[in-house]
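Participant: The file below is target_31.cif, mmCIF, C-alpha atoms:
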data_input
#
loop_
_atom_site.label_atom_id
_atom_site.label_comp_id
_atom_site.auth_asym_id
_atom_site.auth_seq_id
_atom_site.Cartn_x
_atom_site.Cartn_y
_atom_site.Cartn_z
CA MET A 960 127.11 111.35 94.10
CA SER A 961 126.28 109.58 97.38
CA ARG A 962 122.65 108.72 98.03
CA ASP A 963 122.78 108.60 101.84
CA ALA A 964 125.38 108.39 104.59
CA ILE A 965 125.62 105.13 106.54
CA LEU A 966 127.51 104.57 109.79
CA VAL A 967 128.86 101.05 110.37
CA VAL A 968 129.61 100.10 114.00
CA ASP A 969 131.45 96.78 114.30
CA ASP A 970 134.63 95.71 116.13
CA GLU A 971 135.65 93.24 113.39
CA GLU A 972 137.88 94.93 110.84
CA SER A 973 136.93 92.47 108.10
CA THR A 974 133.22 93.24 108.57
CA ARG A 975 133.84 96.99 108.49
CA ALA A 976 135.92 96.64 105.32
CA PHE A 977 133.35 94.45 103.57
CA LEU A 978 130.41 96.71 104.42
CA SER A 979 132.33 99.85 103.46
CA ASP A 980 133.29 98.41 100.06
CA PHE A 981 129.90 96.90 99.32
CA LEU A 982 127.78 99.86 100.38
CA GLY A 983 130.18 102.27 98.75
CA SER A 984 129.74 100.42 95.47
CA ARG A 985 125.97 100.90 95.86
CA GLY A 986 126.34 104.67 96.04
CA TYR A 987 126.26 105.17 99.81
CA LYS A 988 128.73 107.32 101.71
CA VAL A 989 130.07 105.02 104.43
CA GLU A 990 131.77 105.75 107.74
CA ALA A 991 132.98 102.89 109.94
CA VAL A 992 133.94 102.83 113.63
CA ALA A 993 134.99 99.98 115.91
CA THR A 994 133.56 100.98 119.30
CA GLY A 995 130.32 102.11 120.84
CA GLU A 996 131.82 105.29 122.24
CA GLU A 997 133.02 106.31 118.78
CA ALA A 998 129.54 105.69 117.41
CA VAL A 999 127.83 107.79 120.07
CA ALA A 1000 130.36 110.60 119.60
CA ARG A 1001 129.89 110.55 115.82
CA ILE A 1002 126.10 110.68 116.01
CA THR A 1003 125.86 113.34 118.72
CA ARG A 1004 128.26 115.79 117.11
CA GLY A 1005 125.69 116.82 114.49
CA ASP A 1006 124.97 115.94 110.85
CA PRO A 1007 123.93 112.37 111.75
CA PRO A 1008 124.04 109.52 109.21
CA ALA A 1009 120.87 108.43 107.42
CA VAL A 1010 121.17 104.87 108.81
CA THR A 1011 123.36 103.20 111.43
CA LEU A 1012 124.36 99.51 111.20
CA LEU A 1013 125.08 98.48 114.80
CA ASP A 1014 126.67 95.23 115.99
CA LEU A 1015 125.38 94.12 119.40
CA LEU A 1016 128.72 92.79 120.67
CA LEU A 1017 131.22 95.63 121.04
CA PRO A 1018 134.48 95.77 123.03
CA ASP A 1019 133.70 98.79 125.20
CA ILE A 1020 129.96 99.25 125.85
CA ASP A 1021 127.02 96.96 125.20
CA GLY A 1022 125.21 97.40 121.88
CA LEU A 1023 121.91 97.94 123.68
CA GLU A 1024 123.46 100.78 125.64
CA VAL A 1025 124.76 102.31 122.41
CA LEU A 1026 121.26 102.03 120.92
CA THR A 1027 119.71 103.69 123.96
CA ARG A 1028 122.18 106.59 123.90
CA VAL A 1029 121.80 107.01 120.14
CA LYS A 1030 118.01 107.08 120.44
CA ASN A 1031 118.20 109.59 123.29
CA ALA A 1032 120.34 111.82 121.09
CA ASN A 1033 118.29 111.34 117.91
CA GLY A 1034 115.08 109.38 118.38
CA SER A 1035 114.24 109.30 114.67
CA LEU A 1036 117.61 107.93 113.48
CA PRO A 1037 117.13 104.47 111.89
CA VAL A 1038 119.32 101.81 113.54
CA ILE A 1039 119.65 98.33 112.04
CA ILE A 1040 120.95 95.72 114.48
CA MET A 1041 123.49 93.12 113.36
CA SER A 1042 123.42 90.06 115.58
CA ALA A 1043 124.83 86.56 115.80
CA VAL A 1044 122.68 83.44 116.11
CA GLY A 1045 121.52 82.90 119.71
CA GLN A 1046 120.92 86.56 120.49
CA THR A 1047 117.18 86.49 119.81
CA LYS A 1048 116.13 87.83 123.23
CA THR A 1049 118.59 90.68 122.89
CA VAL A 1050 117.29 91.46 119.41
CA VAL A 1051 113.72 91.62 120.73
CA GLU A 1052 114.87 94.03 123.43
CA ALA A 1053 116.65 96.11 120.79
CA VAL A 1054 113.46 96.34 118.70
CA LYS A 1055 111.53 97.41 121.79
CA ARG A 1056 114.12 100.14 122.36
CA GLY A 1057 113.63 101.50 118.87
CA ALA A 1058 115.76 99.50 116.41
CA SER A 1059 114.35 99.68 112.87
CA ASP A 1060 115.31 96.15 111.85
CA TYR A 1061 117.82 93.39 112.54
CA LEU A 1062 120.06 91.14 110.47
CA VAL A 1063 121.40 87.79 111.62
CA LYS A 1064 125.05 87.21 110.69
CA PRO A 1065 126.02 86.05 108.19
CA PHE A 1066 123.49 87.80 105.96
CA GLU A 1067 123.08 88.06 102.22
CA GLU A 1068 123.95 91.27 100.36
CA GLN A 1069 120.43 91.52 98.99
CA GLU A 1070 119.03 91.16 102.52
CA LEU A 1071 121.24 94.04 103.69
CA GLU A 1072 120.19 96.30 100.81
CA LEU A 1073 116.52 95.61 101.45
CA ALA A 1074 116.87 96.34 105.18
CA ILE A 1075 118.57 99.67 104.46
CA GLU A 1076 115.99 100.67 101.84
CA ASN A 1077 113.15 99.81 104.23
CA ALA A 1078 114.79 101.74 107.06
CA LEU A 1079 115.25 104.82 104.87
CA GLU A 1080 111.66 104.64 103.66
CA LYS A 1081 110.32 104.26 107.21
CA HIS A 1082 112.47 107.22 108.27
CA ARG A 1083 111.09 109.40 105.50
CA LEU A 1084 107.54 108.41 106.40
CA ARG A 1085 108.29 109.06 110.07
CA GLU A 1086 109.49 112.56 109.25
CA GLU A 1087 106.30 113.19 107.30
CA VAL A 1088 104.27 111.95 110.26
CA LYS A 1089 106.27 114.19 112.59
CA SER A 1090 105.42 117.18 110.42
CA LEU A 1091 101.75 116.21 110.41
CA ARG A 1092 101.82 115.63 114.16
CA LYS A 1093 102.80 119.26 114.73
CA GLN A 1094 99.61 120.22 112.96
CA LEU A 1095 97.75 117.57 114.94
CA ASP A 1096 98.89 119.06 118.25
CA GLN A 1097 97.25 122.33 117.22
CA PHE A 1098 94.28 120.91 115.34
CA ALA A 1099 93.79 117.46 116.88
CA GLU A 1100 90.04 117.62 116.35
CA THR A 1101 90.41 117.52 112.57
CA ASP A 1102 91.24 113.82 112.86
CA LEU A 1103 87.61 113.09 113.68
CA ILE A 1104 85.97 115.03 110.88
CA SER A 1105 82.47 115.65 112.11
CA MET A 1106 79.93 118.24 113.17
CA SER A 1107 77.52 115.61 114.45
CA PRO A 1108 76.60 116.04 118.15
CA LYS A 1109 77.11 112.31 118.71
CA MET A 1110 80.60 112.40 117.23
CA GLN A 1111 81.47 115.56 119.15
CA ARG A 1112 80.53 113.71 122.34
CA ILE A 1113 82.81 110.83 121.33
CA ARG A 1114 85.59 113.36 120.73
CA GLU A 1115 85.16 114.85 124.20
CA ILE A 1116 85.19 111.45 125.91
CA ALA A 1117 88.27 110.43 123.90
CA LYS A 1118 90.10 113.50 125.19
CA GLN A 1119 89.16 112.67 128.76
CA VAL A 1120 90.31 109.05 128.64
CA ALA A 1121 93.36 109.46 126.36
CA ASP A 1122 95.92 109.73 129.14
CA THR A 1123 94.45 107.01 131.32
CA ASP A 1124 95.12 103.27 131.14
CA ALA A 1125 91.41 102.43 131.08
CA SER A 1126 90.32 99.89 128.47
CA VAL A 1127 88.04 101.32 125.79
CA LEU A 1128 85.44 99.29 123.88
CA ILE A 1129 84.49 100.91 120.57
CA SER A 1130 81.36 99.55 118.92
CA GLY A 1131 79.55 100.31 115.69
CA GLU A 1132 78.76 98.97 112.25
CA SER A 1133 81.53 97.99 109.85
CA GLY A 1134 83.10 100.99 108.15
CA VAL A 1135 81.95 103.70 110.60
CA GLY A 1136 85.51 104.56 111.64
CA LYS A 1137 86.16 102.58 114.83
CA GLU A 1138 89.88 102.35 114.06
CA VAL A 1139 89.97 106.11 113.44
CA VAL A 1140 88.53 106.67 116.93
CA ALA A 1141 91.10 104.28 118.44
CA ARG A 1142 93.98 106.04 116.68
CA TYR A 1143 92.55 109.37 117.80
CA ILE A 1144 92.70 108.24 121.43
CA HIS A 1145 96.26 106.98 120.96
CA THR A 1146 97.39 110.20 119.25
CA LEU A 1147 96.02 112.36 122.07
CA SER A 1148 97.72 110.25 124.73
CA LYS A 1149 101.25 110.33 126.13
CA ARG A 1150 101.84 107.11 124.20
CA ARG A 1151 101.63 108.93 120.85
CA ASP A 1152 105.33 108.36 120.11
CA ARG A 1153 105.01 104.65 120.85
CA PRO A 1154 103.63 102.01 118.45
CA PHE A 1155 99.95 101.70 117.61
CA LEU A 1156 99.28 98.12 116.50
CA ARG A 1157 96.01 96.71 115.16
CA VAL A 1158 95.12 93.02 115.21
CA ASN A 1159 92.05 91.76 113.35
CA CYS A 1160 90.72 88.96 115.54
CA ALA A 1161 88.44 87.68 112.76
CA ALA A 1162 91.09 87.45 110.06
CA LEU A 1163 93.21 84.65 111.54
CA PRO A 1164 92.51 81.10 112.76
CA ASN A 1165 92.65 80.78 116.54
CA ASP A 1166 96.09 79.14 116.74
CA LEU A 1167 97.66 81.76 114.47
CA LEU A 1168 95.91 84.58 116.34
CA GLU A 1169 97.31 83.31 119.62
CA SER A 1170 100.89 83.30 118.32
CA GLU A 1171 100.28 86.70 116.66
CA LEU A 1172 99.19 88.22 119.97
CA PHE A 1173 101.51 86.50 122.41
CA GLY A 1174 104.42 85.19 120.32
CA TYR A 1175 106.15 81.87 120.79
CA GLU A 1176 109.41 80.24 121.82
CA ARG A 1177 111.64 78.22 119.54
CA GLY A 1178 110.33 74.65 119.38
CA ALA A 1179 106.92 75.58 120.79
CA PHE A 1180 105.31 73.72 117.90
CA THR A 1181 106.30 72.10 114.62
CA GLY A 1182 107.81 74.75 112.39
CA ALA A 1183 108.73 77.15 115.20
CA MET A 1184 112.39 77.36 114.20
CA SER A 1185 113.07 80.58 116.11
CA GLU A 1186 111.50 82.85 118.70
CA LYS A 1187 108.82 85.27 117.59
CA PRO A 1188 107.65 88.25 119.65
CA GLY A 1189 103.90 88.82 119.75
CA LYS A 1190 101.98 92.04 119.18
CA PHE A 1191 101.70 92.72 122.92
CA GLU A 1192 105.47 92.58 123.17
CA LEU A 1193 106.09 94.69 120.07
CA ALA A 1194 103.57 97.32 121.17
CA GLY A 1195 105.72 97.96 124.23
CA LYS A 1196 104.35 101.04 125.98
CA GLY A 1197 102.16 101.92 123.01
CA SER A 1198 98.58 100.91 122.24
CA ILE A 1199 97.09 97.77 120.74
CA LEU A 1200 93.68 97.66 119.06
CA LEU A 1201 91.92 94.30 119.12
CA ASP A 1202 89.58 94.70 116.16
CA GLU A 1203 86.48 92.50 115.87
CA ILE A 1204 87.02 91.28 119.43
CA GLY A 1205 83.64 89.52 119.32
CA GLU A 1206 85.12 86.90 116.96
CA MET A 1207 87.77 85.78 119.46
CA SER A 1208 87.57 82.16 120.61
CA PRO A 1209 86.74 81.33 124.26
CA HIS A 1210 90.29 80.01 124.80
CA LEU A 1211 91.86 83.28 123.72
CA GLN A 1212 89.24 85.25 125.63
CA ALA A 1213 90.51 83.54 128.79
CA LYS A 1214 94.13 84.44 127.98
CA LEU A 1215 93.18 88.05 127.23
CA LEU A 1216 91.30 88.28 130.51
CA HIS A 1217 94.47 87.17 132.28
CA VAL A 1218 96.39 89.93 130.49
CA LEU A 1219 93.90 92.58 131.57
CA GLN A 1220 93.64 91.31 135.16
CA ASP A 1221 97.29 90.58 135.94
CA GLY A 1222 99.16 92.66 133.37
CA GLU A 1223 101.16 89.71 132.10
CA TYR A 1224 101.07 86.84 129.62
CA THR A 1225 103.18 83.85 128.60
CA ARG A 1226 104.54 83.12 125.15
CA LEU A 1227 103.62 79.80 123.59
CA GLY A 1228 106.16 77.28 124.82
CA ALA A 1229 107.59 79.60 127.49
CA LYS A 1230 107.66 79.07 131.25
CA ARG A 1231 108.10 82.61 132.50
CA PRO A 1232 105.41 85.28 132.11
CA GLN A 1233 106.11 88.66 130.55
CA HIS A 1234 104.79 92.00 131.72
CA VAL A 1235 102.35 93.96 129.53
CA ASP A 1236 102.82 97.72 129.22
CA ALA A 1237 100.53 98.31 126.22
CA ARG A 1238 97.19 100.08 126.52
CA VAL A 1239 94.37 97.83 125.27
CA LEU A 1240 91.63 99.17 123.01
CA ALA A 1241 88.98 96.90 121.48
CA SER A 1242 86.38 97.28 118.76
CA THR A 1243 83.43 95.24 117.61
CA ASN A 1244 80.72 95.38 114.96
CA VAL A 1245 78.55 92.81 116.75
CA ARG A 1246 76.08 93.36 119.56
CA ILE A 1247 78.47 92.21 122.23
CA GLU A 1248 75.84 92.18 125.00
CA GLU A 1249 73.81 89.62 123.05
CA ALA A 1250 76.94 87.49 122.62
CA VAL A 1251 77.43 87.61 126.40
CA LYS A 1252 73.84 86.49 127.00
CA LYS A 1253 74.27 83.58 124.56
CA GLY A 1254 77.53 82.53 126.24
CA ALA A 1255 79.60 83.27 123.12
CA PHE A 1256 81.56 85.98 124.90
CA ARG A 1257 82.85 85.91 128.47
CA GLU A 1258 80.97 88.26 130.78
CA ASP A 1259 84.02 88.93 132.95
CA LEU A 1260 86.09 89.87 129.89
CA TYR A 1261 83.26 92.10 128.64
CA PHE A 1262 83.30 94.05 131.89
CA ARG A 1263 87.09 94.36 131.75
CA LEU A 1264 86.97 95.76 128.23
CA ASN A 1265 83.88 97.89 128.76
CA VAL A 1266 85.40 100.37 131.22
CA ILE A 1267 84.80 103.13 128.68
CA ARG A 1268 82.24 102.51 125.92
CA LEU A 1269 82.13 104.51 122.70
CA THR A 1270 79.45 103.71 120.13
CA VAL A 1271 80.17 105.22 116.72
CA PRO A 1272 76.90 106.01 114.90
CA PRO A 1273 76.41 104.90 111.27
CA LEU A 1274 76.81 107.51 108.57
CA ARG A 1275 73.07 107.53 107.80
CA GLU A 1276 72.48 108.87 111.33
CA ARG A 1277 74.95 111.76 110.90
CA ARG A 1278 74.27 112.96 107.40
CA GLU A 1279 75.57 116.41 108.30
CA ASP A 1280 79.05 114.88 108.19
CA ILE A 1281 78.73 113.69 104.58
CA PRO A 1282 79.69 117.02 102.88
CA LEU A 1283 82.67 117.41 105.25
CA LEU A 1284 83.87 113.90 104.51
CA CYS A 1285 83.39 114.39 100.77
CA ASN A 1286 85.57 117.51 100.84
CA HIS A 1287 88.16 115.72 102.97
CA PHE A 1288 88.41 112.68 100.68
CA THR A 1289 88.38 114.82 97.54
CA GLU A 1290 91.36 116.85 98.80
CA ARG A 1291 93.17 113.83 100.19
CA TYR A 1292 92.90 111.57 97.16
CA GLY A 1293 92.81 114.32 94.56
CA GLU A 1294 96.41 115.10 95.37
CA ARG A 1295 97.42 111.45 95.55
CA TYR A 1296 95.87 110.56 92.19
CA LYS A 1297 96.82 113.86 90.52
CA SER A 1298 93.14 114.35 89.73
CA SER A 1299 91.86 117.54 88.10
CA VAL A 1300 88.63 117.32 90.14
CA GLU A 1301 88.42 120.07 92.74
CA ARG A 1302 84.73 119.80 93.62
CA LEU A 1303 82.24 116.99 93.16
CA PRO A 1304 79.48 117.63 90.59
CA LYS A 1305 76.16 118.82 92.01
CA GLU A 1306 74.36 115.75 90.66
CA LEU A 1307 76.81 113.44 92.40
CA MET A 1308 76.57 115.30 95.72
CA GLU A 1309 72.76 115.07 95.60
CA ALA A 1310 72.96 111.31 95.05
CA ILE A 1311 75.53 110.96 97.82
CA LEU A 1312 73.31 112.83 100.29
CA LYS A 1313 70.28 110.63 99.45
CA TYR A 1314 72.12 107.31 99.67
CA ASP A 1315 71.92 105.33 102.95
CA TRP A 1316 75.59 104.15 102.92
CA PRO A 1317 75.27 100.61 104.33
CA GLY A 1318 79.08 100.42 104.19
CA ASN A 1319 79.33 103.75 106.05
CA VAL A 1320 82.39 106.02 105.82
CA ARG A 1321 84.53 103.35 104.16
CA GLU A 1322 81.99 102.98 101.36
CA LEU A 1323 81.81 106.76 100.90
CA GLU A 1324 85.60 106.95 100.79
CA ASN A 1325 85.77 104.27 98.09
CA ALA A 1326 83.06 105.98 96.03
CA ILE A 1327 85.00 109.26 96.07
CA ARG A 1328 88.20 107.44 95.14
CA ARG A 1329 86.51 105.72 92.19
CA TYR A 1330 85.16 109.00 90.88
CA LEU A 1331 88.51 110.78 91.20
CA ILE A 1332 90.29 107.96 89.37
CA LEU A 1333 87.74 107.17 86.66
CA GLN A 1334 85.86 110.50 86.49
CA ASP A 1335 82.87 108.53 85.20
CA LEU A 1336 79.82 110.23 86.69
CA SER A 1337 77.26 107.78 85.27
CA LEU A 1338 79.14 104.78 86.71
CA VAL A 1339 79.31 106.18 90.25
CA LEU A 1340 75.70 107.37 90.10
CA SER A 1341 74.53 103.90 89.05
CA GLU A 1342 76.31 102.40 92.06
CA LEU A 1343 74.59 104.85 94.40
CA ARG A 1344 71.10 103.85 93.36
CA ALA A 1345 69.22 101.88 95.98
CA PRO A 1346 69.06 98.15 95.12
CA SER A 1347 65.27 98.35 94.74
CA GLU A 1348 65.67 101.15 92.17
CA LEU A 1349 68.17 99.08 90.26
CA ALA A 1350 65.81 96.12 90.21
CA ARG A 1351 63.06 98.27 88.75
CA ALA A 1352 65.32 99.74 86.04
CA ALA A 1353 64.72 97.86 82.79
CA PRO A 1354 67.45 97.03 80.24
CA SER A 1355 67.34 98.63 76.82
CA ALA A 1356 64.30 98.21 74.58
CA GLY A 1357 66.12 95.75 72.32
CA SER A 1358 66.88 93.32 75.14
CA SER A 1359 65.41 89.81 75.12
CA LEU A 1360 63.14 88.53 77.87
CA LYS A 1361 65.96 86.23 78.94
CA GLU A 1362 68.28 89.24 79.42
CA VAL A 1363 65.58 91.13 81.32
CA ALA A 1364 64.99 88.14 83.62
CA ALA A 1365 68.72 87.71 84.24
CA TYR A 1366 69.08 91.41 85.02
CA ALA A 1367 66.16 91.41 87.46
CA ALA A 1368 67.43 88.27 89.16
CA GLU A 1369 70.89 89.82 89.54
CA GLN A 1370 69.51 92.97 91.15
CA ALA A 1371 67.18 91.01 93.44
CA GLU A 1372 70.14 88.86 94.53
CA ARG A 1373 72.19 91.98 95.23
CA GLU A 1374 69.37 93.46 97.32
CA VAL A 1375 68.97 90.31 99.43
CA ALA A 1376 72.74 90.06 99.94
CA LEU A 1377 72.98 93.71 100.99
CA ARG A 1378 70.10 93.25 103.43
CA ALA A 1379 71.82 90.20 104.97
CA LEU A 1380 75.09 92.11 105.26
CA GLN A 1381 73.37 95.02 106.97
CA GLU A 1382 71.65 92.68 109.44
CA ALA A 1383 75.03 91.08 110.17
CA ASN A 1384 76.70 94.51 110.56
CA TRP A 1385 78.75 93.66 107.46
CA ASN A 1386 80.25 90.55 109.01
CA ARG A 1387 80.72 88.61 105.76
CA LYS A 1388 81.06 85.19 107.38
CA ARG A 1389 77.75 85.46 109.21
CA ALA A 1390 76.02 86.95 106.16
CA ALA A 1391 77.24 84.05 104.00
CA GLN A 1392 75.85 81.56 106.53
CA GLN A 1393 72.53 83.40 106.58
CA LEU A 1394 72.38 83.38 102.77
CA GLY A 1395 73.27 79.70 102.61
CA ILE A 1396 76.34 80.19 100.41
CA SER A 1397 80.06 79.80 100.99
CA TYR A 1398 82.16 82.68 102.28
CA LYS A 1399 84.20 82.64 99.05
CA ALA A 1400 81.04 82.78 96.92
CA LEU A 1401 79.87 85.88 98.78
CA LEU A 1402 83.26 87.54 98.36
CA ASN A 1403 83.13 86.84 94.62
CA LYS A 1404 79.69 88.43 94.36
CA LEU A 1405 80.77 91.49 96.34
CA LYS A 1406 83.75 91.83 94.04
CA LYS A 1407 81.50 91.59 91.01
CA TRP A 1408 79.23 94.29 92.45
CA GLN A 1409 82.31 96.39 93.43
CA LEU A 1410 81.38 96.20 97.09
CA GLU A 1411 84.32 94.09 98.28
CA ASN A 1412 86.22 96.92 100.03
CA ARG A 1413 83.60 97.86 102.60
#
Would you mind writing the structure in this file as structure tokens?
Facilitator:
Amino acid sequence: MSRDAILVVDDEESTRAFLSDFLGSRGYKVEAVATGEEAVARITRGDPPAVTLLDLLLPDIDGLEVLTRVKNANGSLPVIIMSAVGQTKTVVEAVKRGASDYLVKPFEEQELELAIENALEKHRLREEVKSLRKQLDQFAETDLISMSPKMQRIREIAKQVADTDASVLISGESGVGKEVVARYIHTLSKRRDRPFLRVNCAALPNDLLESELFGYERGAFTGAMSEKPGKFELAGKGSILLDEIGEMSPHLQAKLLHVLQDGEYTRLGAKRPQHVDARVLASTNVRIEEAVKKGAFREDLYFRLNVIRLTVPPLRERREDIPLLCNHFTERYGERYKSSVERLPKELMEAILKYDWPGNVRELENAIRRYLILQDLSLVLSELRAPSELARAAPSAGSSLKEVAAYAAEQAEREVALRALQEANWNRKRAAQQLGISYKALLNKLKKWQLENR
């Protein structure tokens, strides 16, 4: 029995024969055509294939034109481009027009299988998203789960600015849901069917971040063996979220300012600028105004980004949202983990409502996930005790003084580390500097205390 139908579009008979034999032996039902017109006719007549393998060089119409017409007929149909060496710019254009992936001829059989499997998986996920989006169109507000007046105000502003091109700066402590707000804006906008890309400006060294954002030309630096499109290029007419924008270097701040002012940028090693169509959103967990005063962040860039400002309050300032979020995460992860838990125990809910949640919504989400997976009430309750309470709790009566001292020291260390993290808005690098330990050492301690995912 065939797993999925695949359409091969290539003018070379030997290629069509090879792909038909190989994919047929892997359980796929294969159709093969030699021209673009045949491909368009096959796809538009109904009962489309699961995946189309499309060569860019065809005898009748250009492969990009075929891709455009196929996407107009069936926007969700996965199309994998097959290209020869030297067609990199055309491949980038094909990806921008909706191609799922591309293979450079000649390619390995394993590479082909992987590309098809990925395309099918992405298609299935896309169909699930499409189904959820229908619900979102009717109940868009459920994406920002809140009854807090402050969050309701954020929701209203997000609706107002969604269909504009205004830059939005989203601030708030780590874990409050800044990315959720950014995605909410994107989903409400006319760009909802375009890509939403997130770039963590603190996660990459400056040179790698620059190539990640703007891409590079072949030979731009040692090791640049081929062209690479940047996130601005891949986002196309979608949205791009620059997360932790406050960690961006002055050099990249200047390049980003140019993008926002002139709507264009230049790849590393390129001579001609490229136009930017993506909508820029930015988020930060630092007090950006203080960074501007200290000269660590460009004032002109700040004003460009700060057209619309949304400040997401910490969870401890909107405790009325905690029961709603608990129910949401319990339903969401209960199904995923096949958990028998339908409602959280009363004792756990009481502890959750008393806890200050320094890691905010992300910490709450992880706590719910741990309970659903382990169903160990005492473990989760012990993690929700305030650090000072933990420090006061004595080990068992049979413990030695050495064990008691070690336990107290451990809890005191945890309390100091948590306080430093809160003061640094959970920026681990700054907290490690404040504590006088290495970044890796802090990460190891957070992992030990099961706090690494905040």
Participant: Edge lengths and centre in Å to one decimal, as lines of an AutoDock Vina configuration file, of the axis-aligned box that encloses all listed atoms of region 1230-1239 of chain A with 3 Å added on every side?
Facilitator:
center_x = 101.2
center_y = 89.6
center_z = 128.9
size_x = 19.7
size_y = 27.0
size_z = 13.2
Participant: Between A:Lys1137, A:Val1158, A:Glu1192, A:Leu1340, which is the closest to Ala1053 (chain A) once you count only C-alpha atoms?
Facilitator: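 Ranking A:Lys1137, A:Val1158, A:Glu1192, A:Leu1340 by distance to Ala1053 (chain A), first place goes to A:Glu1192.
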Participant: Excluding Gly1205 (chain A) and residues on its chain fewer than 3 positions from it, collect all residues at most 9 Å away from it, counting only C-alpha atoms, and give them as a list of chain:residue names.
Facilitator: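 The contact residues come out as A:Cys1160, A:Ala1161, A:Asp1202, A:Ser1208, A:Ser1242, A:Thr1243, A:Asn1244, A:Val1245, A:Arg1246, A:Ile1247, A:Ala1250, A:Ala1255, A:Phe1256.
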Participant: For Arg1112 (chain A), which residue among A:Ala1365, A:Val1140, A:Gly1131, A:Ser1170 is the nearest when counting only C-alpha atoms?
Facilitator: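 Under the stated criterion, the closest residue is A:Val1140.
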Participant: Applied to the shown file, which residues does the PyMOL selection byres ((chain A and resi 1281) around 10) return, written as an NGL selection string?
Facilitator: :A and (1104-1106 or 1274-1275 or 1277-1280 or 1282-1287 or 1308 or 1311-1312 or 1320 or 1323)
Participant: Write out, as a tab-separated table, each residue of region 1232-1297 of chain A that has an atom at most 10 Å from region 1218-1228 of chain A, together with the closest pair of atoms and their distance in Å to one decimal, counting all atoms listed in the file, rows going by chain and rising number.
Facilitator:
residue	atom	partner	partner_atom	distance
A:Pro1232	CA	A:Thr1225	CA	4.4
A:Gln1233	CA	A:Glu1223	CA	5.3
A:His1234	CA	A:Glu1223	CA	4.3
A:Val1235	CA	A:Glu1223	CA	5.1
A:Asp1236	CA	A:Gly1222	CA	7.5
A:Ala1237	CA	A:Gly1222	CA	9.2
A:Arg1238	CA	A:Leu1219	CA	9.6
A:Val1239	CA	A:Leu1219	CA	8.2
A:Leu1260	CA	A:Leu1219	CA	8.4
A:Arg1263	CA	A:Leu1219	CA	7.0
A:Leu1264	CA	A:Leu1219	CA	8.3
Participant: When you draw a straight line from CA of Lys1313 (chain A) to CA of Pro1273 (chain A), how long is it in Å?
Facilitator: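 A separation of 14.5 Å between them.
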Participant: To one decimal in Å, tell me the separation between CA of Thr1047 (chain A) and CA of Arg1231 (chain A).
Facilitator: 16.1 Å
Participant: Give me, as a ChimeraX atom specification, all polymer residues having an atom no more than 10 Å from Met1041 (chain A), counting all atoms listed in the file and skipping those fewer than 3 positions away in the same chain.
Facilitator: /A:968-969,1012-1016,1022,1038,1050,1060-1066,1071
Participant: Near Gly1134 (chain A), within 9 Å and counting only C-alpha atoms, which residues show up once chain neighbours fewer than 4 positions away are dropped, as a PDB file with C-alpha atoms, keeping the file's coordinate frame?
Facilitator:
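What follows is the written file part30.pdb:
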ATOM      1  CA  PRO A1273      76.410 104.900 111.270  1.00  0.00           C
ATOM      2  CA  PRO A1317      75.270 100.610 104.330  1.00  0.00           C
ATOM      3  CA  GLY A1318      79.080 100.420 104.190  1.00  0.00           C
ATOM      4  CA  ASN A1319      79.330 103.750 106.050  1.00  0.00           C
ATOM      5  CA  VAL A1320      82.390 106.020 105.820  1.00  0.00           C
ATOM      6  CA  ARG A1321      84.530 103.350 104.160  1.00  0.00           C
ATOM      7  CA  GLU A1322      81.990 102.980 101.360  1.00  0.00           C
ATOM      8  CA  TRP A1385      78.750  93.660 107.460  1.00  0.00           C
ATOM      9  CA  ARG A1413      83.600  97.860 102.600  1.00  0.00           C
TER      10      ARG A1413
END
Participant: As a list in words, please: the residues near Val1375 (chain A) (cut-off 9 Å, all atoms listed in the file, same-chain neighbours under 4 positions excluded).
Facilitator: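 The residues that qualify are Pro1346, Gln1370, Ala1371, Ala1379, Leu1380 and Leu1394 of chain A.
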Participant: Quick one: pull the distance between CA of Tyr1296 (chain A) and CA of Leu1402 (chain A), Å, one decimal.
Facilitator: 27.0 Å
Participant: Would you pick out the contacts of Asn1031 (chain A) at 12 Å or less, using all atoms listed in the file, so that residues sharing its chain but fewer than 4 positions from it are not included, and give the list as a count of residues only?
Facilitator: 11
Participant: Find the residue from A:Thr1289, A:Glu1067, A:His1217, A:Lys1297 that sits nearest to Asn1325 (chain A); use only C-alpha atoms when measuring.
Facilitator: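 Between A:Thr1289, A:Glu1067, A:His1217, A:Lys1297, the residue approaching Asn1325 (chain A) most closely is A:Thr1289.
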Participant: Starting from the displayed file, determine the output of the PyMOL selection byres ((chain A and resi 1129) around 6) and express the residue list as a VMD selection string.
Facilitator: chain A and resid 1128 1130 1242 1269 to 1270
Participant: So that I have them on file, write out the residues from the current selection with C-alpha atoms, as a PDB file, in the frame of the given file.
Facilitator:
ATOM      1  CA  LEU A1128      85.440  99.290 123.880  1.00  0.00           C
ATOM      2  CA  SER A1130      81.360  99.550 118.920  1.00  0.00           C
ATOM      3  CA  SER A1242      86.380  97.280 118.760  1.00  0.00           C
ATOM      4  CA  LEU A1269      82.130 104.510 122.700  1.00  0.00           C
ATOM      5  CA  THR A1270      79.450 103.710 120.130  1.00  0.00           C
TER       6      THR A1270
END
Participant: Under the rule that all atoms listed in the file are counted, which of A:Leu1103, A:Ala1241, A:Pro1007, A:Leu1336 is the nearest residue to Glu1206 (chain A)?
Facilitator: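 Nearest to Glu1206 (chain A): A:Ala1241.
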Participant: Out of A:Ala1162, A:Ile1075, A:Ala998, A:Ala1058, which residue has the shortest atom-to-atom distance to Leu982 (chain A) when counting only C-alpha atoms?
Facilitator: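 For Leu982 (chain A), the nearest of the given residues is A:Ile1075.
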